[in-house]
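K.L.:
Following this line is start21.cif, made up of mmCIF, C-alpha atoms:
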data_start
loop_
_atom_site.label_atom_id
_atom_site.label_comp_id
_atom_site.auth_asym_id
_atom_site.auth_seq_id
_atom_site.Cartn_x
_atom_site.Cartn_y
_atom_site.Cartn_z
CA MET A 1 -19.10 19.41 -4.99
CA ILE A 2 -21.28 16.44 -5.59
CA SER A 3 -21.65 16.90 -9.33
CA SER A 4 -17.96 16.48 -9.96
CA SER A 5 -17.84 13.65 -7.45
CA ILE A 6 -20.49 11.69 -9.29
CA GLU A 7 -18.60 12.04 -12.54
CA SER A 8 -15.52 10.68 -10.80
CA ARG A 9 -17.39 7.66 -9.50
CA SER A 10 -17.62 6.06 -12.93
CA ASP A 11 -14.99 3.47 -13.76
CA VAL A 12 -11.76 4.69 -15.27
CA PRO A 13 -11.89 4.32 -19.08
CA THR A 14 -9.59 1.70 -20.53
CA SER A 15 -7.98 4.30 -22.77
CA SER A 16 -6.70 6.19 -19.72
CA ARG A 17 -4.94 3.19 -18.22
CA CYS A 18 -1.34 2.16 -18.52
CA CYS A 19 -0.07 -1.35 -17.89
CA ILE A 20 0.33 -0.65 -14.18
CA ASP A 21 -2.14 1.86 -12.74
CA PHE A 22 -0.34 5.24 -12.69
CA VAL A 23 -2.31 6.57 -9.72
CA THR A 24 -1.31 3.59 -7.62
CA VAL A 25 2.35 3.83 -8.62
CA PHE A 26 2.35 7.56 -7.89
CA ARG A 27 0.72 7.03 -4.51
CA PHE A 28 3.36 4.49 -3.47
CA ALA A 29 6.17 6.64 -4.84
CA ALA A 30 4.92 9.79 -3.13
CA TYR A 31 4.65 8.02 0.21
CA PHE A 32 8.13 6.56 0.08
CA LEU A 33 9.73 9.71 -1.28
CA LEU A 34 8.26 11.60 1.66
CA ALA A 35 9.39 8.89 4.04
CA ALA A 36 12.92 8.79 2.71
CA PHE A 37 13.57 12.39 1.81
CA GLY A 38 11.02 14.46 3.71
CA PRO A 39 10.78 15.42 7.39
CA ALA A 40 12.11 12.99 9.92
CA SER A 41 8.67 12.47 11.40
CA ILE A 42 5.78 11.77 9.07
CA PRO A 43 2.15 10.80 9.72
CA SER A 44 1.07 7.23 9.18
CA ALA A 45 -0.25 6.34 5.75
CA GLN A 46 -3.88 7.29 5.18
CA GLY A 47 -6.00 4.67 3.47
CA CYS A 48 -5.10 1.24 2.22
CA LEU A 49 -2.22 1.50 -0.24
CA PHE A 50 -3.94 -0.72 -2.81
CA CYS A 51 -7.21 1.22 -2.89
CA GLU A 52 -7.28 4.73 -4.31
CA ALA A 53 -10.48 6.68 -3.57
CA LEU A 54 -12.13 7.95 -6.75
CA ALA A 55 -14.06 10.81 -5.15
CA ASN A 56 -15.34 12.25 -1.91
CA THR A 57 -17.77 9.97 -0.14
CA LEU A 58 -21.40 11.08 0.03
CA CYS A 59 -21.03 11.60 3.77
CA GLU A 60 -18.04 13.87 3.19
CA ASP A 61 -20.02 15.92 0.68
CA ILE A 62 -22.92 16.14 3.09
CA GLN A 63 -20.62 17.33 5.86
CA GLU A 64 -19.23 20.02 3.55
CA SER A 65 -22.69 21.21 2.52
CA THR A 66 -24.79 23.92 4.14
CA VAL A 67 -28.09 22.18 3.39
CA CYS A 68 -28.82 18.59 2.42
CA VAL A 69 -32.25 17.13 1.82
CA ILE A 70 -34.02 14.14 0.38
CA ALA A 71 -36.66 15.63 -1.92
CA THR A 72 -39.30 14.77 -4.49
CA GLY A 73 -39.38 16.50 -7.87
CA VAL A 74 -42.46 18.60 -8.54
CA ASN A 75 -42.09 20.27 -11.93
CA VAL A 76 -39.72 21.92 -14.37
CA GLU A 77 -40.06 25.42 -15.73
CA GLY A 78 -40.12 25.59 -19.53
CA THR A 79 -40.73 22.91 -22.13
CA GLU A 80 -37.68 23.17 -24.35
CA ALA A 81 -36.06 19.97 -25.46
CA PRO A 82 -33.26 19.54 -24.85
CA ARG A 83 -33.60 21.65 -21.72
CA ARG A 84 -31.37 24.64 -21.14
CA LEU A 85 -28.83 24.75 -18.35
CA ASP A 86 -30.58 27.82 -16.93
CA GLN A 87 -33.90 26.03 -16.46
CA THR A 88 -34.99 25.48 -12.89
CA ALA A 89 -36.85 22.78 -11.03
CA VAL A 90 -39.01 22.72 -7.95
CA PHE A 91 -38.60 20.05 -5.29
CA THR A 92 -40.55 19.25 -2.15
CA VAL A 93 -38.46 18.44 0.94
CA ASP A 94 -39.22 14.97 2.30
CA LYS A 95 -36.40 14.88 4.84
CA CYS A 96 -33.82 17.42 5.93
CA ILE A 97 -30.48 15.78 6.60
CA ARG A 98 -28.48 18.96 7.17
CA GLY A 99 -29.67 22.52 7.69
CA SER A 100 -33.06 23.75 8.84
CA LEU A 101 -35.43 23.38 5.88
CA ALA A 102 -38.84 22.16 7.00
CA VAL A 103 -40.38 18.99 5.61
CA GLY A 104 -42.87 19.96 2.91
CA SER A 105 -41.11 23.19 2.00
CA LYS A 106 -40.17 23.89 -1.60
CA LEU A 107 -36.76 24.30 -3.22
CA GLN A 108 -36.45 26.47 -6.28
CA SER A 109 -33.72 27.44 -8.72
CA VAL A 110 -32.12 24.02 -8.51
CA PRO A 111 -30.02 23.56 -11.68
CA LEU A 112 -30.76 20.58 -13.86
CA ASP A 113 -28.38 18.51 -15.88
CA SER A 114 -29.33 19.35 -19.46
CA THR A 115 -28.26 15.88 -20.59
CA ALA A 116 -30.65 14.09 -18.24
CA PRO A 117 -33.22 12.11 -20.21
CA GLN A 118 -36.15 13.08 -18.01
CA ALA A 119 -37.36 15.90 -15.81
CA PRO A 120 -37.59 15.29 -12.05
CA SER A 121 -40.24 12.70 -11.35
CA SER A 122 -42.99 13.19 -8.79
CA GLU A 123 -42.35 9.61 -7.65
CA ALA A 124 -38.55 9.60 -7.55
CA LYS A 125 -36.38 10.77 -4.70
CA TYR A 126 -33.36 13.04 -5.02
CA LEU A 127 -30.44 13.94 -2.83
CA VAL A 128 -30.04 17.70 -3.11
CA LEU A 129 -27.09 19.56 -1.59
CA GLY A 130 -26.65 23.28 -1.19
CA PHE A 131 -23.49 25.21 -0.42
CA GLY A 132 -22.65 28.70 0.80
CA ASP A 133 -24.75 30.95 3.01
CA GLU A 134 -28.03 29.33 4.06
CA THR A 135 -29.85 32.56 3.21
CA ASP A 136 -28.58 32.31 -0.38
CA VAL A 137 -27.90 28.63 -1.01
CA GLN A 138 -26.12 27.60 -4.18
CA TRP A 139 -27.68 24.28 -5.14
CA ASP A 140 -25.69 21.49 -6.72
CA LEU A 141 -27.06 19.03 -9.27
CA PRO A 142 -29.76 16.84 -7.71
CA ILE A 143 -28.84 13.16 -7.53
CA LEU A 144 -31.47 10.54 -8.22
CA VAL A 145 -31.35 8.12 -5.29
CA SER A 146 -32.93 4.70 -4.94
CA ASP A 147 -34.52 3.27 -1.82
CA GLN A 148 -31.30 1.32 -1.36
CA ALA A 149 -29.26 4.53 -1.47
CA ILE A 150 -31.54 6.21 1.07
CA ASP A 151 -31.29 3.20 3.38
CA TYR A 152 -27.49 3.20 2.97
CA LEU A 153 -27.18 6.90 3.83
CA GLU A 154 -29.56 6.67 6.78
CA ARG A 155 -27.55 3.80 8.25
CA LEU A 156 -24.29 5.71 7.92
CA LEU A 157 -25.63 9.06 9.09
CA ALA A 158 -27.49 7.57 12.04
CA SER A 159 -24.39 5.79 13.26
CA ASP A 160 -21.66 7.41 15.32
CA ALA A 161 -19.40 4.47 14.52
CA LYS A 162 -15.89 5.30 13.48
CA GLU A 163 -13.18 3.63 11.48
CA ALA A 164 -13.55 -0.17 11.34
CA GLU A 165 -17.09 -0.15 12.76
CA ARG A 166 -18.11 2.21 9.99
CA LEU A 167 -16.57 -0.09 7.38
CA ALA A 168 -18.56 -2.99 8.83
CA ILE A 169 -21.75 -1.06 8.03
CA VAL A 170 -20.53 -0.34 4.50
CA LEU A 171 -19.23 -3.85 3.71
CA PRO A 172 -22.49 -5.39 2.37
CA TYR A 173 -22.98 -2.43 0.04
CA LEU A 174 -19.72 -2.94 -1.88
CA VAL A 175 -21.63 -4.97 -4.45
CA ALA A 176 -24.91 -3.05 -4.25
CA SER A 177 -27.09 -3.03 -7.36
CA ASP A 178 -27.19 0.77 -7.21
CA ASP A 179 -23.92 2.08 -8.69
CA VAL A 180 -24.08 5.26 -6.59
CA VAL A 181 -24.17 3.13 -3.44
CA ALA A 182 -21.54 0.62 -4.59
CA ASP A 183 -19.13 3.36 -5.67
CA ASP A 184 -19.60 5.27 -2.43
CA ALA A 185 -19.06 2.12 -0.38
CA TYR A 186 -15.83 1.54 -2.30
CA ASN A 187 -14.68 5.09 -1.54
CA GLU A 188 -15.41 4.56 2.16
CA PHE A 189 -13.14 1.49 2.12
CA ALA A 190 -10.48 3.26 0.08
CA ARG A 191 -10.22 5.86 2.83
CA GLY A 192 -9.86 3.21 5.51
CA SER A 193 -6.48 1.88 6.53
CA PHE A 194 -5.47 -1.72 6.01
CA ALA A 195 -5.40 -2.11 9.78
CA GLN A 196 -9.07 -1.15 9.89
CA ILE A 197 -9.89 -3.55 7.07
CA ARG A 198 -7.91 -6.28 8.79
CA SER A 199 -9.95 -5.84 11.96
CA LEU A 200 -13.02 -6.93 9.95
CA ALA A 201 -11.51 -10.33 9.17
CA LYS A 202 -14.10 -12.29 11.16
CA GLN A 203 -16.96 -10.34 9.56
CA ILE A 204 -15.84 -10.83 5.97
CA ASP A 205 -17.34 -13.86 4.25
CA ARG A 206 -14.42 -15.51 2.46
CA GLN A 207 -16.64 -17.26 -0.09
CA TRP A 208 -18.42 -13.96 -0.81
CA VAL A 209 -15.05 -12.37 -1.61
CA LEU A 210 -13.95 -15.31 -3.78
CA ASP A 211 -17.22 -15.35 -5.70
CA HIS A 212 -17.09 -11.66 -6.54
CA LEU A 213 -13.36 -11.68 -7.26
CA ASN A 214 -13.83 -14.61 -9.64
CA ALA A 215 -16.69 -12.79 -11.34
CA TYR A 216 -14.56 -9.68 -11.83
CA LEU A 217 -11.65 -11.68 -13.22
CA LYS A 218 -13.92 -13.40 -15.75
CA SER A 219 -15.28 -10.06 -16.94
CA SER A 220 -13.98 -8.65 -20.22
CA ASP A 221 -13.38 -5.25 -18.63
CA PRO A 222 -13.39 -5.52 -14.83
CA PRO A 223 -13.24 -2.32 -12.75
CA ALA A 224 -9.60 -2.34 -11.64
CA HIS A 225 -10.21 -0.44 -8.41
CA ARG A 226 -12.87 -2.94 -7.30
CA VAL A 227 -10.66 -5.91 -8.21
CA ARG A 228 -7.83 -4.40 -6.20
CA LEU A 229 -10.10 -3.99 -3.17
CA MET A 230 -11.29 -7.61 -3.42
CA TRP A 231 -7.68 -8.83 -3.44
CA THR A 232 -7.13 -6.69 -0.33
CA LEU A 233 -10.16 -8.25 1.39
CA LEU A 234 -8.86 -11.70 0.48
CA CYS A 235 -5.61 -10.77 2.21
CA VAL A 236 -7.44 -10.69 5.54
CA CYS A 237 -9.89 -13.57 5.14
CA GLY A 238 -8.20 -15.92 2.66
CA GLN A 239 -6.80 -19.40 3.24
CA PRO A 240 -3.52 -20.83 1.84
CA GLU A 241 -5.42 -22.77 -0.82
CA ASP A 242 -6.72 -19.49 -2.25
CA VAL A 243 -3.34 -18.95 -3.90
CA ALA A 244 -4.84 -21.02 -6.72
CA LEU A 245 -6.78 -17.93 -7.79
CA PHE A 246 -3.54 -15.99 -8.12
CA GLU A 247 -1.98 -18.87 -10.04
CA SER A 248 -4.85 -18.78 -12.52
CA ILE A 249 -3.94 -15.25 -13.60
CA ALA A 250 -0.17 -15.34 -13.05
CA LYS A 251 0.32 -17.89 -15.82
CA GLN A 252 -1.63 -15.82 -18.37
CA THR A 253 1.00 -13.89 -20.33
CA SER A 254 -1.51 -11.87 -22.35
CA ILE A 255 -3.56 -10.67 -19.40
CA ASP A 256 -4.12 -6.96 -18.75
CA ARG A 257 -2.37 -6.67 -15.40
CA THR A 258 -4.05 -3.39 -14.54
CA ASN A 259 -7.52 -4.85 -15.01
CA VAL A 260 -6.80 -7.72 -12.62
CA GLY A 261 -5.09 -5.49 -10.03
CA PHE A 262 -1.87 -7.46 -10.38
CA ASP A 263 0.09 -5.55 -7.73
CA ALA A 264 -2.69 -6.19 -5.19
CA ALA A 265 -2.89 -9.79 -6.42
CA ILE A 266 0.82 -10.27 -5.66
CA GLY A 267 0.33 -8.62 -2.28
CA CYS A 268 -2.46 -11.07 -1.50
CA TYR A 269 -0.37 -13.98 -2.76
CA LEU A 270 2.49 -12.98 -0.45
CA MET A 271 0.11 -12.78 2.50
CA LEU A 272 -1.23 -16.27 1.85
CA ALA A 273 1.96 -17.99 0.69
CA GLY A 274 4.46 -16.47 3.13
CA LEU A 275 8.21 -16.90 2.67
CA ASP A 276 7.84 -19.44 -0.14
CA GLY A 277 5.75 -16.88 -1.98
CA LEU A 278 8.31 -14.14 -1.43
CA GLN A 279 11.07 -16.33 -2.84
CA ARG A 280 8.96 -17.02 -5.91
CA VAL A 281 8.24 -13.30 -6.39
CA GLU A 282 11.99 -12.66 -6.23
CA ARG A 283 12.72 -15.35 -8.82
CA GLU A 284 9.92 -14.75 -11.29
CA PHE A 285 8.82 -11.14 -10.95
CA LEU A 286 11.54 -8.95 -9.42
CA SER A 287 14.14 -10.50 -11.73
CA SER A 288 12.00 -10.05 -14.83
CA ASP A 289 12.94 -7.84 -17.78
CA ASP A 290 9.31 -6.70 -17.86
CA GLU A 291 9.51 -3.37 -16.01
CA PRO A 292 5.75 -3.02 -15.30
CA LEU A 293 5.79 -6.52 -13.81
CA VAL A 294 8.75 -5.56 -11.62
CA LEU A 295 6.91 -2.44 -10.48
CA ALA A 296 3.84 -4.50 -9.61
CA ALA A 297 5.97 -6.80 -7.45
CA LEU A 298 7.71 -3.81 -5.91
CA ASN A 299 4.36 -2.26 -4.97
CA ALA A 300 3.32 -5.53 -3.34
CA ILE A 301 6.49 -5.57 -1.24
CA ARG A 302 5.95 -1.95 -0.28
CA PHE A 303 2.45 -2.86 0.86
CA HIS A 304 3.82 -5.48 3.22
CA ALA A 305 6.61 -3.20 4.43
CA VAL A 306 4.07 -0.52 5.40
CA GLU A 307 0.87 -2.36 6.22
CA THR A 308 1.53 -5.90 7.48
CA ASP A 309 3.76 -7.88 9.78
CA ARG A 310 3.82 -10.94 7.50
CA PHE A 311 7.56 -10.56 6.84
CA GLU A 312 10.52 -9.08 8.66
CA THR A 313 11.27 -5.67 7.19
CA GLN A 314 14.92 -6.48 6.60
CA ARG A 315 13.94 -9.60 4.66
CA LEU A 316 11.74 -7.50 2.38
CA ALA A 317 14.54 -4.98 1.94
CA LYS A 318 16.97 -7.74 0.97
CA SER A 319 14.64 -8.83 -1.82
CA LEU A 320 15.03 -5.39 -3.40
CA HIS A 321 18.84 -5.35 -3.51
CA PRO A 322 19.11 -6.98 -6.97
CA LEU A 323 17.12 -4.08 -8.42
CA LEU A 324 19.99 -1.75 -7.54
CA ARG A 325 21.95 -3.23 -10.44
CA SER A 326 19.82 -1.15 -12.78
CA PRO A 327 20.05 2.64 -12.45
CA THR A 328 16.46 2.84 -13.72
CA MET A 329 15.06 0.50 -11.09
CA ALA A 330 17.36 1.85 -8.39
CA ALA A 331 15.50 5.15 -8.65
CA HIS A 332 12.38 3.34 -7.46
CA VAL A 333 14.11 1.33 -4.75
CA ILE A 334 16.40 3.75 -2.89
CA PRO A 335 13.54 5.51 -1.05
CA ASP A 336 12.17 2.11 -0.01
CA LEU A 337 15.48 1.02 1.49
CA SER A 338 15.71 4.25 3.44
CA ARG A 339 12.14 3.89 4.68
CA MET A 340 12.88 0.30 5.74
CA GLN A 341 16.06 1.51 7.48
CA ASP A 342 18.14 -0.97 5.50
CA TRP A 343 21.64 0.49 5.60
CA SER A 344 23.37 -2.60 4.24
CA ALA A 345 22.93 -1.25 0.70
CA GLY A 346 25.28 1.67 1.33
CA PRO A 347 28.35 0.21 -0.46
CA ILE A 348 26.27 -0.69 -3.51
CA LEU A 349 24.83 2.82 -3.69
CA LEU A 350 28.25 4.41 -3.41
CA ASP A 351 29.36 2.36 -6.43
CA LEU A 352 26.29 3.63 -8.31
CA LEU A 353 27.22 7.19 -7.39
CA ALA A 354 30.22 7.08 -9.67
CA LEU A 355 28.39 5.78 -12.75
CA SER A 356 27.85 8.25 -15.57
CA ASP A 357 24.38 6.84 -16.36
CA ALA A 358 23.27 7.17 -12.73
CA ARG A 359 23.62 10.92 -12.24
CA HIS A 360 19.88 11.15 -11.54
CA LEU A 361 20.46 8.97 -8.48
CA ARG A 362 23.05 11.17 -6.84
CA ILE A 363 20.79 13.30 -4.66
CA PRO A 364 18.68 10.29 -3.53
CA ILE A 365 21.89 8.42 -2.67
CA VAL A 366 23.22 11.38 -0.67
CA ASN A 367 19.89 11.61 1.13
CA TYR A 368 20.08 7.89 1.92
CA VAL A 369 23.57 8.37 3.36
CA ARG A 370 22.48 11.41 5.39
CA SER A 371 19.55 9.42 6.81
CA CYS A 372 21.77 6.56 7.93
CA PRO A 373 22.35 6.67 11.73
CA GLN A 374 25.37 4.39 11.67
CA GLU A 375 28.95 5.62 12.22
CA GLN A 376 30.04 4.51 8.76
CA ALA A 377 27.70 7.11 7.27
CA THR A 378 30.30 9.80 8.06
CA ASP A 379 32.83 8.09 5.77
CA TRP A 380 30.13 7.51 3.16
CA LEU A 381 29.24 11.19 3.12
CA GLU A 382 32.89 12.17 2.65
CA ARG A 383 33.07 9.81 -0.31
CA CYS A 384 29.95 11.45 -1.70
CA ARG A 385 31.63 14.85 -1.37
CA THR A 386 34.58 13.54 -3.36
CA ILE A 387 32.57 11.95 -6.15
CA ALA A 388 29.57 14.28 -6.39
CA PRO A 389 30.10 17.51 -4.42
CA ASP A 390 27.27 19.26 -6.29
CA ALA A 391 24.83 16.53 -5.29
CA VAL A 392 25.83 16.86 -1.64
CA GLU A 393 25.36 20.62 -1.78
CA SER A 394 21.97 20.23 -3.47
CA SER A 395 20.87 17.64 -0.94
CA PHE A 396 21.55 19.94 2.02
CA ARG A 397 19.95 22.88 0.25
CA MET A 398 16.81 21.04 -0.88
CA PHE A 399 16.40 18.88 2.23
CA PRO A 400 17.86 20.86 5.15
CA ASN A 401 15.93 18.99 7.84
CA LEU A 402 16.73 15.46 6.73
#
Could I get this structure in the form of structure tokens?
P.N.:
Amino acid sequence: MISSSIESRSDVPTSSRCCIDFVTVFRFAAYFLLAAFGPASIPSAQGCLFCEALANTLCEDIQESTVCVIATGVNVEGTEAPRRLDQTAVFTVDKCIRGSLAVGSKLQSVPLDSTAPQAPSSEAKYLVLGFGDETDVQWDLPILVSDQAIDYLERLLASDAKEAERLAIVLPYLVASDDVVADDAYNEFARGSFAQIRSLAKQIDRQWVLDHLNAYLKSSDPPAHRVRLMWTLLCVCGQPEDVALFESIAKQTSIDRTNVGFDAAIGCYLMLAGLDGLQRVEREFLSSDDEPLVLAALNAIRFHAVETDRFETQRLAKSLHPLLRSPTMAAHVIPDLSRMQDWSAGPILLDLLALSDARHLRIPIVNYVRSCPQEQATDWLERCRTIAPDAVESSFRMFPNL
């Protein structure tokens, strides 16, 4: 419901962040684990891989509701301060967005947020959603909406545009002064695919992106999800000289990489710099002893493997081979190699299979071998049976349709 969604729209507190955003890492990992070890046929990725939606969009909540109105507050029953959760308010319907309530009719028994500093104003407008049976609607917390928010919703709801066309409507609102609007616009983009975002390239003002990205990077506590989206937008509208912005943060050793969306920054850098950029990422980031930095680079390569055609897939896969030297990093990489259909790593993985400190890799390695369509996979599987028969048995039992 909308109340929980609004809570989710606030920026993630710094205390809940790790060096590399856990949600982003999990999202990449889940996708590639499914690709490598799940059913043979999987749906395409939903949403841009660098942009994690924080909540339902307002339009999604409206579609899930039974009744949705724009209303004006009339009065509040009771005078206690602070107000009780069981107090009710009365609203007058100004516009019915969903359902059949007439303009001018009254809503009653709408719960109020007891922490709100003021009662509903007779001048302010509220978005009020109700759920359940229309004869006995359960009202959610009313949301104070600005004129900008009403204009934003009316534009979206009046349009039958889909996918990229819808994002074109939302684009100017990404930096809206109203946080409800800006957060919702972000969530609309986070649900769009990179292909849809890429189709907006001619409509995205490059200087607008650079200005806002620079402003975020200069902030003491930038919203990481917004920074990540701006890097993604720069991927589709940037010029080669814009790598200077990446350089300005890459050389800062004390920077909070989560705050600056470093995985998305590397992804953008790779898009703009091409093969030279990939070679630098291999030298400086993938070979680093700093595991979060390696993971950031790995996420950027995954992004290009899934979302773009900037590099040949096999070239991206080759850049990951050195990570197989570490059993810890190999756990992250094996699903990627399978997803990229890079079977040249088979001999390396079979050597890992025999290591005592790589027992956690045995089932993923067997799954990799089983996924390989080449004739040599038969010999590889027999070697797996010799070295780790339990892992082979577990692989077939846990993943019978591989």
K.L.:
Evaluating the PyMOL selection byres ((chain A and resi 103) around 8) on the displayed file yields which residues, as a PyMOL selection string?
P.N.:
chain A and resi 92-96+101-102+104-105
K.L.:
May I ask which of the residues A:Ala190, A:Leu210, A:Met271, A:Ala297 is the closest one to A:Phe311, counting only C-alpha atoms?
P.N.:
A:Met271
K.L.:
On this file, the PyMOL selection byres ((chain A and resi 388) around 12) gives some set of residues; write that set as a ChimeraX atom specification.
P.N.:
/A:350-356,358-366,380-387,389-395
K.L.:
By how many Å are atom CA of A:Pro142 and atom CA of A:Lys106 apart?
P.N.:
14.0 Å
K.L.:
Which residues are close to A:Leu233, i.e. within 9 Å by all atoms listed in the file, leaving aside same-chain residues fewer than 2 positions away? Reply as a list of chain:residue names.
P.N.:
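Near neighbours after the sequence-gap exclusion: A:Ile197, A:Arg198, A:Ala201, A:Ile204, A:Arg206, A:Val209, A:Arg228, A:Leu229, A:Met230, A:Trp231, A:Cys235, A:Val236, A:Cys237, A:Gly238, A:Cys268.
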